[in-house]
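Colleague: Dropping the structure in here first, questions after.
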Amino acid sequence: MNQPAETQPQQGAVSLAQSSPTVGTFRERDGALEWSGRQETVRIEPWGPDAVRVRARLGGPVVEGLPGALLDEAPVTEAAVKIEDGHGLLTVGALTVEVNAEGLIRFVRTDDGSELLTEERAHFWWPGPRLYTPVGNGYHRLEQRFAAYEGEKLYGLGQHQHGLLDQKGAVLDLVQRNAEVTIPVLTSSRGYTLLWNSPAIGRVELAGNGTRWVADSARQIDYWITAGHPADAQRRYSAVTGRTPMLPEWAAGFWQCKLRYRTQDELLAVAREYKRRRLPLDVIVCDFFHWTHLGEWKFDPAEWPDPAAMQRELAELGVKLVVSVWPSVSPLSENHQLMEQRGYFIGTQYGPMAHADWPDKEVASTVQVAFYDATHPEAREFVWSRVRDNYLEPYGINGFWLDAGEPELKPGFQENLRYWAGPGLEVGNLYPRENARTFYEGLLAAGETEIVTLNRSAWAGSQRYGAALWSGDIGTDFASLRRQIAAGLNTALSGIPWWNTDIGGFHGGDPDDPAYREVMVRWFQFGAFSPLMRLHGFREPGMPLGPAMTGGPNEVWSYGEEAGAILEKYLRLRERLKPYVLDVMRAAHEEGLPVMRPLFLEFPEDQAAWSVDDAYLFGPDLLVAPVLTAGATARTAYLPAGARWTDAWTGETYEGGAAVTVDAPLDRIPLFLRDGAALPVAE
């Protein structure tokens with residue numbers, strides 16, 4: 001039943017400062033609360049425990065079926081709708097939503113009515129908290145404004161290289177780029193987590209005078225919000241966007257990689273040397289340009305003459321082969337003409353279907369490549385059929401590295417793109433998730449049960465398709481290493497539990513330089529306590545980009561006797577910790593809790609823990625304090641209150657709630673065990 005939002009003057013629900021204040025209409029529909037006024041419809045519905053979904057549209061009812069992160073069906077949740085005195089209330093467990101006569105929304109704690117978050121008008125006259133600026137054909141530039149709060153800290157938003165853990169005060173583009181990964185979910189120290197449920201290109205502004213989410217061109221506002229401590233919010237967020245599969249045991253160990261092993265013999269020689277030295281090695285990666293042409297997705301027989309024999313030998317050595325697969329297709333590829341004719345490429349609004357220039361074999365210069373449209377179901381099926389026929393079925397290769405999956409456009413104008421799922425500005429951030437979906441659904445259909453893909457980009461929900469994320473092509477110095485702590489923790493709070501960096505960084509690094517060797521040692525120690533442990537990089541001396549390129553050596557014995565011995569020590573430590581790693585991975589699979597955790601996830605009542613951005617928990621029981629500066633031989637780390645901590649190397653114990661300084665010689669990363677936890681850190 002519709003009820004007009006009539007109000008009494010003393011209630012002050014309608015601002016008389018407006019020229020003609022809107023008094024909207026409330027109604028309950030299928031357990032949801034709806035408000036309508038001035039051609040705008042706002043729908044608020046329960047969406048899991050202590051959570052709601054909010055959608056708002058100008059010019060008609062909300063549109064169903066638009067691309068987003070939420071699973072198709074909302075968890076069944078008890079809720080209560082109440083409409084009276086010109087107000088609407090929707091209560092879902094710990095969260096209550098208040099809507100006034102003008103359609104302004106306020107989120108409060110059910111138990112005490114205290115405010116979690118509220119919409120805020122841009123101006124007393126116009127516009128309101130939701131702004132729709134037409135851009136044509138029913139699309140709008142959308143703005144959603146919320147209030148700012150003194151002392152609030154904000155986390156998540158995917159992976160970025162700004163080095164900030166608390167991102168209050170930052171302005172972030174909502175767009176996918178190499179090393180900059182947009183996942184629009186935000187966790188607040190005030191006790192809420194909010195998902196901007198739109199893959200549109202835009203930005204989020206976390207200013208001191210307000211928070212503003214912007215979509216450059218889309219059809220409606222759509223977001224999800226839940227109340228509770230960060231750990232509870234992670235459980236609820238992962239329940240509505242999909243939880244990660246269980247990590248296979250082989251992926252929990254050490255991954256060896258470099259840019260690049262050019263031939264079958266080179267790759268096998270490295271795997272044999274690891275085994276000769278009796279060093280743990282679980283995965284070795286075959287990088288780009290192993291193919292005939294870009295977009296043919298098969299080995300070049302001139303360099304990889306017998307993949308079946310290579311696979312057999314690696315299996316005997318106990319090593320998994322992971323193969324690089326790019327989403328780009330060269331005009332020289334045997335698949336290009338057919339894919340273009342069938343509409344399997346990302347289209348363009350203006351000009352040909354070419355999205356970047358890239359080297360390819362048999363040409364002296366670059367060619368203009370297209371990207372397959374991962375939002376197109378038939379295009380996903382076609383690409384998977386080529387991968388299946390050229391890697392999985394003949395050789396049993398079922399591990400894939402999905403590089404350049406932003407996709408790597410040049411120039412990066414999403415305005416010019418047309419996807420199967422919609423215009424580039426409306427759906428552009430969706431691409432990396434759908435690219436991971438290609439391989440997840442293909443492997444499942446082929447009967448595979450252990451699925452991991454290594455991705456350079458991701459979006460909300462990527463985790464449900466078995467996507468691991470790495471932090472992209474980053475620098476090779478201590479400053480770059482320092483930034484990865486915040487990058488990994490914000491990724492963890494964005495629902496992606498499988499994350500890693502190129503150990504040692506990507507761009508350069510001289511294995512013979514003592515200064516770089518120190519960077520490598522400290523980074524390798526951090527890598528041993530990352531969700532995935534993978535050594536990669538383009539080491540000096542490098543070569544120009546092209547099919548013949550390779551970089552300098554990048555194996556654990558490449559860094560001299562002293563550094564090499566330390567790297568071997570941490571290889572063996574990771575191997576001893578694999579049972580613990582897999583236990584923590586099971587918590588990610590079953591509960592949605594991340595592997596790499598900010599201190600406040602486990603200790604939300606300790607206010608000091610909310611500001612620690614240079615240390616983290618690896619699972620619930622191990623606090624890791626990486627050494628992040630050159631020449632350091634000691635490290636000061638904050639130990640959260642509410643637990644007793646034991647130095648994993650010395651056995652000395654400390655009460656939480658204070659910072660401690662411990663020795664950190666080159667071969668030691670400070671580690672602290674929680675409340676008597678027994679982990680095999682020391683040999």
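Note on naming: chains are A, B, ... as they come in the structure tokens, residues start from 1 per chain, ligands start from 1 in the order shown.
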I'd like to know which residues of stretch 120-318 of chain A are helix (DSSP H, G or I) (by DSSP, run on the backbone); could you write them as a ChimeraX atom specification?

Modeller: /A:230-241,249-252,264-276,307-317

Colleague: Could the residues in this selection be saved with N, CA and C atoms as a compact mmCIF listing (two decimals), in the first residue's frame?

Modeller:
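Final output, selection28.txt:
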# COMPACT_ATOMS: atom_id res chain seq x y z
N PRO A 230 34.89 -5.64 11.27
CA PRO A 230 35.42 -6.01 9.96
C PRO A 230 35.39 -7.51 9.66
N ALA A 231 35.69 -8.36 10.64
CA ALA A 231 35.68 -9.80 10.37
C ALA A 231 34.27 -10.28 10.04
N ASP A 232 33.27 -9.80 10.78
CA ASP A 232 31.89 -10.17 10.46
C ASP A 232 31.50 -9.64 9.08
N ALA A 233 31.94 -8.42 8.77
CA ALA A 233 31.62 -7.84 7.47
C ALA A 233 32.24 -8.65 6.34
N GLN A 234 33.46 -9.17 6.54
CA GLN A 234 34.09 -10.00 5.52
C GLN A 234 33.28 -11.28 5.29
N ARG A 235 32.76 -11.86 6.35
CA ARG A 235 31.93 -13.06 6.20
C ARG A 235 30.68 -12.74 5.39
N ARG A 236 30.05 -11.62 5.68
CA ARG A 236 28.80 -11.28 4.99
C ARG A 236 29.05 -10.85 3.56
N TYR A 237 30.11 -10.06 3.35
CA TYR A 237 30.44 -9.62 1.99
C TYR A 237 30.76 -10.81 1.10
N SER A 238 31.56 -11.74 1.59
CA SER A 238 31.92 -12.90 0.77
C SER A 238 30.72 -13.80 0.52
N ALA A 239 29.75 -13.80 1.45
CA ALA A 239 28.56 -14.61 1.25
C ALA A 239 27.70 -14.09 0.11
N VAL A 240 27.68 -12.77 -0.09
CA VAL A 240 26.81 -12.20 -1.13
C VAL A 240 27.54 -11.97 -2.45
N THR A 241 28.88 -12.03 -2.46
CA THR A 241 29.62 -11.89 -3.72
C THR A 241 30.30 -13.20 -4.13
N GLU A 249 46.73 -27.71 -2.70
CA GLU A 249 47.96 -27.79 -1.91
C GLU A 249 49.16 -27.32 -2.72
N TRP A 250 49.19 -27.62 -4.02
CA TRP A 250 50.36 -27.25 -4.83
C TRP A 250 50.54 -25.73 -4.90
N ALA A 251 49.45 -24.98 -4.80
CA ALA A 251 49.54 -23.53 -4.92
C ALA A 251 50.01 -22.86 -3.64
N ALA A 252 50.05 -23.60 -2.53
CA ALA A 252 50.44 -23.02 -1.25
C ALA A 252 51.95 -22.99 -1.04
N GLN A 264 61.93 -24.61 -23.82
CA GLN A 264 61.66 -25.78 -22.99
C GLN A 264 62.91 -26.20 -22.21
N ASP A 265 64.05 -26.16 -22.87
CA ASP A 265 65.29 -26.57 -22.20
C ASP A 265 65.63 -25.63 -21.04
N GLU A 266 65.45 -24.31 -21.23
CA GLU A 266 65.74 -23.35 -20.16
C GLU A 266 64.86 -23.62 -18.95
N LEU A 267 63.60 -23.80 -19.17
CA LEU A 267 62.68 -24.00 -18.06
C LEU A 267 62.98 -25.30 -17.32
N LEU A 268 63.21 -26.36 -18.07
CA LEU A 268 63.50 -27.64 -17.42
C LEU A 268 64.81 -27.60 -16.66
N ALA A 269 65.79 -26.87 -17.18
CA ALA A 269 67.08 -26.79 -16.49
C ALA A 269 66.91 -26.16 -15.11
N VAL A 270 66.04 -25.17 -15.00
CA VAL A 270 65.80 -24.53 -13.71
C VAL A 270 65.11 -25.49 -12.76
N ALA A 271 64.08 -26.17 -13.23
CA ALA A 271 63.38 -27.12 -12.36
C ALA A 271 64.33 -28.23 -11.90
N ARG A 272 65.17 -28.72 -12.80
CA ARG A 272 66.12 -29.78 -12.41
C ARG A 272 67.11 -29.28 -11.36
N GLU A 273 67.54 -28.01 -11.49
CA GLU A 273 68.52 -27.48 -10.54
C GLU A 273 67.92 -27.32 -9.15
N TYR A 274 66.66 -26.90 -9.09
CA TYR A 274 66.00 -26.84 -7.77
C TYR A 274 66.00 -28.21 -7.12
N LYS A 275 65.69 -29.23 -7.89
CA LYS A 275 65.62 -30.57 -7.31
C LYS A 275 67.01 -31.10 -6.99
N ARG A 276 68.00 -30.75 -7.81
CA ARG A 276 69.36 -31.18 -7.53
C ARG A 276 69.84 -30.60 -6.21
N PRO A 307 56.05 -30.47 -25.47
CA PRO A 307 55.41 -30.14 -24.19
C PRO A 307 54.98 -31.36 -23.39
N ALA A 308 54.61 -32.42 -24.07
CA ALA A 308 54.19 -33.63 -23.34
C ALA A 308 55.34 -34.19 -22.52
N ALA A 309 56.54 -34.26 -23.13
CA ALA A 309 57.71 -34.75 -22.39
C ALA A 309 58.06 -33.81 -21.25
N MET A 310 57.93 -32.49 -21.49
CA MET A 310 58.19 -31.51 -20.44
C MET A 310 57.24 -31.72 -19.27
N GLN A 311 55.98 -31.90 -19.57
CA GLN A 311 55.00 -32.12 -18.51
C GLN A 311 55.29 -33.40 -17.73
N ARG A 312 55.67 -34.46 -18.43
CA ARG A 312 55.97 -35.72 -17.74
C ARG A 312 57.15 -35.55 -16.79
N GLU A 313 58.19 -34.87 -17.25
CA GLU A 313 59.36 -34.70 -16.39
C GLU A 313 59.04 -33.81 -15.19
N LEU A 314 58.29 -32.73 -15.42
CA LEU A 314 57.93 -31.86 -14.30
C LEU A 314 57.07 -32.61 -13.29
N ALA A 315 56.17 -33.45 -13.77
CA ALA A 315 55.34 -34.23 -12.85
C ALA A 315 56.19 -35.18 -12.02
N GLU A 316 57.19 -35.78 -12.64
CA GLU A 316 58.09 -36.67 -11.90
C GLU A 316 58.89 -35.91 -10.85
N LEU A 317 59.19 -34.64 -11.14
CA LEU A 317 59.91 -33.79 -10.18
C LEU A 317 58.99 -33.20 -9.12

Colleague: Excluding A:Trp499 and residues on its chain fewer than 6 positions from it, collect all residues at most 12 Å away from it, counting only C-alpha atoms, and give them as a PyMOL selection string.

Modeller: chain A and resi 158-159+247+251-252+452-458+462-463+466-472+484-485+487-493+527+529-534+585+594-597

Colleague: Export C-alpha atoms of the chosen residues as a short mmCIF file (atom, residue, chain, number, x, y, z; two decimals), in the first residue's frame?

Modeller:
data_model
loop_
_atom_site.label_atom_id
_atom_site.label_comp_id
_atom_site.auth_asym_id
_atom_site.auth_seq_id
_atom_site.Cartn_x
_atom_site.Cartn_y
_atom_site.Cartn_z
CA GLY A 158 41.18 -3.06 -4.10
CA GLN A 159 44.89 -2.74 -4.66
CA LEU A 247 43.29 -23.45 -2.53
CA ALA A 251 49.54 -23.53 -4.92
CA ALA A 252 50.44 -23.02 -1.25
CA VAL A 452 43.64 -21.30 -9.51
CA THR A 453 44.36 -18.55 -12.00
CA LEU A 454 46.96 -15.85 -11.43
CA ASN A 455 45.55 -12.46 -12.44
CA ARG A 456 46.99 -8.97 -12.84
CA SER A 457 43.60 -7.40 -12.24
CA ALA A 458 40.34 -8.21 -10.47
CA SER A 462 36.69 -12.36 -8.79
CA GLN A 463 37.40 -14.60 -5.81
CA GLY A 466 39.37 -18.94 -8.27
CA ALA A 467 41.27 -15.76 -9.08
CA ALA A 468 44.53 -15.00 -7.33
CA LEU A 469 45.75 -11.43 -7.72
CA TRP A 470 49.28 -10.14 -7.93
CA SER A 471 50.33 -6.52 -7.51
CA GLY A 472 51.43 -5.90 -11.08
CA GLN A 484 52.96 -3.66 -0.90
CA ILE A 485 51.96 -4.06 2.75
CA ALA A 487 48.28 -3.00 -1.10
CA GLY A 488 47.97 -6.54 0.21
CA LEU A 489 45.93 -5.62 3.28
CA ASN A 490 43.47 -3.50 1.31
CA THR A 491 43.14 -6.33 -1.21
CA ALA A 492 42.38 -8.70 1.66
CA LEU A 493 39.63 -6.36 2.86
CA GLY A 527 56.95 -13.35 0.27
CA PHE A 529 54.45 -14.90 4.61
CA SER A 530 52.25 -13.80 1.74
CA PRO A 531 49.16 -15.79 0.75
CA LEU A 532 51.04 -17.02 -2.36
CA MET A 533 54.85 -17.08 -2.58
CA ARG A 534 56.10 -16.33 -6.09
CA MET A 585 43.04 -20.96 3.23
CA PRO A 594 41.40 -13.26 4.43
CA VAL A 595 44.80 -14.87 4.84
CA MET A 596 46.71 -11.59 5.22
CA ARG A 597 44.90 -9.62 7.91
#

Colleague: I'd like the neighbourhood of stretch 41-58 of chain A as a PyMOL selection string, where a residue qualifies if any of its atoms comes within 7 Å (using only C-alpha atoms), though same-chain residues fewer than 2 positions away should be ignored.

Modeller: chain A and resi 31-37+39+60-62+74-77+79+92-95+220-227

Colleague: Tell me, as a PyMOL selection string, which residues lie within 10 Å of A:Phe400, counting only C-alpha atoms; anything in the same chain fewer than 5 positions away does not count.

Modeller: chain A and resi 285-286+321-326+387+391+436+439+451-455

Colleague: Show me, as a PDB file with N, CA, C and O atoms, in the first residue's frame, the residues that have an atom within 7 Å of A:Gly138 when counting only C-alpha atoms, minus same-chain residues fewer than 2 positions from it.

Modeller:
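Saved file around-v3.pdb follows:
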ATOM      1  N   GLY A 136      22.766  11.211 -22.030  1.00  0.00           N
ATOM      2  CA  GLY A 136      22.129  10.768 -23.265  1.00  0.00           C
ATOM      3  C   GLY A 136      21.645   9.343 -23.214  1.00  0.00           C
ATOM      4  O   GLY A 136      22.223   8.480 -22.531  1.00  0.00           O
ATOM      5  N   HIS A 140      23.139   8.378 -17.143  1.00  0.00           N
ATOM      6  CA  HIS A 140      23.441   9.563 -16.360  1.00  0.00           C
ATOM      7  C   HIS A 140      24.847   9.453 -15.769  1.00  0.00           C
ATOM      8  O   HIS A 140      25.358   8.356 -15.553  1.00  0.00           O
ATOM      9  N   ARG A 219      23.087   3.593 -15.450  1.00  0.00           N
ATOM     10  CA  ARG A 219      21.633   3.731 -15.453  1.00  0.00           C
ATOM     11  C   ARG A 219      21.021   3.879 -14.068  1.00  0.00           C
ATOM     12  O   ARG A 219      19.910   4.405 -13.942  1.00  0.00           O
TER      13      ARG A 219
END

Colleague: Can you list, as a list in words, every protein, DNA or RNA residue that comes within 6 Å of A:Ala69 when you count only C-alpha atoms, leaving out same-chain residues fewer than 6 positions away?

Modeller: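 Once the nearby chain positions are removed, what remains is Asn197, Thr241, Ala460 and Gly461 of chain A.
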
Colleague: Can you work out which one of A:Gly68, A:Arg177, A:Val427, A:Thr187 has the shortest atom-to-atom distance to A:Leu116, counting only C-alpha atoms?

Modeller: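 Ranking A:Gly68, A:Arg177, A:Val427, A:Thr187 by distance to A:Leu116, first place goes to A:Thr187.
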
Colleague: Considering only C-alpha atoms, return as number ranges by chain whatever protein or nucleic-acid residues lie within 9 Å of A:Leu164, sequence-local ones (same chain, fewer than 2 positions apart) excluded.

Modeller: A: 155, 160-162, 166-168, 170, 483, 486-487, 490, 613

Colleague: Can you write out the residues you just picked, keeping all heavy atoms, as an mmCIF file, in the first residue's frame?

Modeller:
data_model
loop_
_atom_site.group_PDB
_atom_site.id
_atom_site.type_symbol
_atom_site.label_atom_id
_atom_site.label_comp_id
_atom_site.auth_asym_id
_atom_site.auth_seq_id
_atom_site.Cartn_x
_atom_site.Cartn_y
_atom_site.Cartn_z
ATOM 1 N N TYR A 155 39.154 1.657 4.584
ATOM 2 C CA TYR A 155 40.069 0.642 4.055
ATOM 3 C C TYR A 155 39.390 -0.121 2.911
ATOM 4 O O TYR A 155 38.177 -0.126 2.775
ATOM 5 C CB TYR A 155 40.449 -0.352 5.155
ATOM 6 C CG TYR A 155 40.919 0.267 6.441
ATOM 7 C CD1 TYR A 155 40.015 0.588 7.450
ATOM 8 C CD2 TYR A 155 42.266 0.555 6.652
ATOM 9 C CE1 TYR A 155 40.442 1.169 8.641
ATOM 10 C CE2 TYR A 155 42.703 1.135 7.844
ATOM 11 C CZ TYR A 155 41.781 1.441 8.832
ATOM 12 O OH TYR A 155 42.202 2.013 9.998
ATOM 13 N N HIS A 160 46.166 -0.688 -4.627
ATOM 14 C CA HIS A 160 46.717 0.531 -5.201
ATOM 15 C C HIS A 160 48.144 0.717 -4.721
ATOM 16 O O HIS A 160 48.560 0.136 -3.718
ATOM 17 C CB HIS A 160 45.841 1.729 -4.837
ATOM 18 C CG HIS A 160 44.441 1.601 -5.340
ATOM 19 N ND1 HIS A 160 44.086 1.885 -6.635
ATOM 20 C CD2 HIS A 160 43.307 1.160 -4.737
ATOM 21 C CE1 HIS A 160 42.808 1.643 -6.816
ATOM 22 N NE2 HIS A 160 42.308 1.203 -5.674
ATOM 23 N N GLN A 161 48.886 1.535 -5.433
ATOM 24 C CA GLN A 161 50.304 1.727 -5.140
ATOM 25 C C GLN A 161 50.583 3.078 -4.468
ATOM 26 O O GLN A 161 51.695 3.573 -4.518
ATOM 27 C CB GLN A 161 51.110 1.600 -6.437
ATOM 28 C CG GLN A 161 51.054 0.204 -7.055
ATOM 29 C CD GLN A 161 51.600 -0.881 -6.143
ATOM 30 O OE1 GLN A 161 52.575 -0.668 -5.429
ATOM 31 N NE2 GLN A 161 50.983 -2.059 -6.173
ATOM 32 N N HIS A 162 49.573 3.640 -3.809
ATOM 33 C CA HIS A 162 49.784 4.902 -3.099
ATOM 34 C C HIS A 162 50.405 4.694 -1.722
ATOM 35 O O HIS A 162 50.821 5.663 -1.084
ATOM 36 C CB HIS A 162 48.482 5.693 -2.980
ATOM 37 C CG HIS A 162 47.315 4.900 -2.465
ATOM 38 N ND1 HIS A 162 47.386 3.998 -1.420
ATOM 39 C CD2 HIS A 162 46.010 4.886 -2.871
ATOM 40 C CE1 HIS A 162 46.209 3.481 -1.190
ATOM 41 N NE2 HIS A 162 45.358 3.988 -2.062
ATOM 42 N N ASP A 166 44.962 3.284 5.531
ATOM 43 C CA ASP A 166 43.785 4.125 5.736
ATOM 44 C C ASP A 166 43.728 5.119 4.583
ATOM 45 O O ASP A 166 44.620 5.945 4.407
ATOM 46 C CB ASP A 166 43.906 4.850 7.075
ATOM 47 C CG ASP A 166 42.824 5.903 7.290
ATOM 48 O OD1 ASP A 166 41.823 5.899 6.548
ATOM 49 O OD2 ASP A 166 42.995 6.735 8.198
ATOM 50 N N GLN A 167 42.660 5.046 3.787
ATOM 51 C CA GLN A 167 42.575 5.856 2.573
ATOM 52 C C GLN A 167 41.706 7.101 2.736
ATOM 53 O O GLN A 167 41.361 7.749 1.746
ATOM 54 C CB GLN A 167 42.091 4.980 1.419
ATOM 55 C CG GLN A 167 43.109 3.885 1.130
ATOM 56 C CD GLN A 167 42.626 2.879 0.119
ATOM 57 O OE1 GLN A 167 42.766 3.069 -1.088
ATOM 58 N NE2 GLN A 167 42.051 1.800 0.614
ATOM 59 N N LYS A 168 41.360 7.411 3.969
ATOM 60 C CA LYS A 168 40.635 8.653 4.202
ATOM 61 C C LYS A 168 41.462 9.825 3.667
ATOM 62 O O LYS A 168 42.659 9.948 3.947
ATOM 63 C CB LYS A 168 40.387 8.835 5.703
ATOM 64 C CG LYS A 168 39.649 10.109 6.062
ATOM 65 C CD LYS A 168 38.205 10.076 5.562
ATOM 66 C CE LYS A 168 37.433 11.291 6.057
ATOM 67 N NZ LYS A 168 36.041 11.287 5.566
ATOM 68 N N ALA A 170 41.865 10.296 0.381
ATOM 69 C CA ALA A 170 42.319 9.963 -0.974
ATOM 70 C C ALA A 170 41.186 10.128 -1.988
ATOM 71 O O ALA A 170 40.003 10.044 -1.653
ATOM 72 C CB ALA A 170 42.842 8.534 -1.017
ATOM 73 N N ARG A 483 55.188 -0.243 0.047
ATOM 74 C CA ARG A 483 53.826 -0.001 -0.440
ATOM 75 C C ARG A 483 53.008 -1.278 -0.575
ATOM 76 O O ARG A 483 51.776 -1.238 -0.568
ATOM 77 C CB ARG A 483 53.881 0.736 -1.779
ATOM 78 C CG ARG A 483 54.326 2.188 -1.664
ATOM 79 C CD ARG A 483 54.114 2.943 -2.959
ATOM 80 N NE ARG A 483 55.052 2.552 -3.995
ATOM 81 C CZ ARG A 483 56.233 3.128 -4.202
ATOM 82 N NH1 ARG A 483 56.640 4.117 -3.411
ATOM 83 N NH2 ARG A 483 57.026 2.726 -5.175
ATOM 84 N N ALA A 486 50.389 -2.224 2.465
ATOM 85 C CA ALA A 486 49.054 -1.630 2.374
ATOM 86 C C ALA A 486 48.271 -2.212 1.201
ATOM 87 O O ALA A 486 47.063 -2.458 1.304
ATOM 88 C CB ALA A 486 49.163 -0.112 2.243
ATOM 89 N N ALA A 487 48.958 -2.437 0.072
ATOM 90 C CA ALA A 487 48.275 -2.999 -1.097
ATOM 91 C C ALA A 487 47.681 -4.363 -0.779
ATOM 92 O O ALA A 487 46.528 -4.656 -1.124
ATOM 93 C CB ALA A 487 49.252 -3.097 -2.275
ATOM 94 N N ASN A 490 44.695 -4.025 1.900
ATOM 95 C CA ASN A 490 43.471 -3.500 1.313
ATOM 96 C C ASN A 490 42.845 -4.489 0.333
ATOM 97 O O ASN A 490 41.619 -4.571 0.224
ATOM 98 C CB ASN A 490 43.741 -2.153 0.638
ATOM 99 C CG ASN A 490 43.786 -1.017 1.641
ATOM 100 O OD1 ASN A 490 42.967 -0.936 2.545
ATOM 101 N ND2 ASN A 490 44.760 -0.126 1.493
ATOM 102 N N ASP A 613 50.201 0.088 9.776
ATOM 103 C CA ASP A 613 50.213 -0.141 8.330
ATOM 104 C C ASP A 613 51.512 -0.773 7.834
ATOM 105 O O ASP A 613 51.740 -0.846 6.626
ATOM 106 C CB ASP A 613 49.953 1.168 7.580
ATOM 107 C CG ASP A 613 51.020 2.227 7.853
ATOM 108 O OD1 ASP A 613 51.971 1.950 8.617
ATOM 109 O OD2 ASP A 613 50.901 3.334 7.290
#

Colleague: Name the closest residue to A:Pro497 among the candidates A:Pro245, A:Pro407, A:Gly347, A:Pro394; distances are taken between atoms, counting only C-alpha atoms.

Modeller: A:Pro245

Colleague: Just checking: using only C-alpha atoms, which residue out of A:Tyr580, A:Trp498, A:Phe254, A:Gly295 ends up closest to A:Leu338?

Modeller: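 The shortest atom-to-atom distance to A:Leu338 comes from A:Gly295.
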
Colleague: With only C-alpha atoms as the basis for distance, which of A:Pro199, A:Asn500, A:Leu281, A:Glu84 is at the shortest distance from A:Glu434?

Modeller: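 Of A:Pro199, A:Asn500, A:Leu281, A:Glu84, the one nearest A:Glu434 is A:Pro199, counting only C-alpha atoms.
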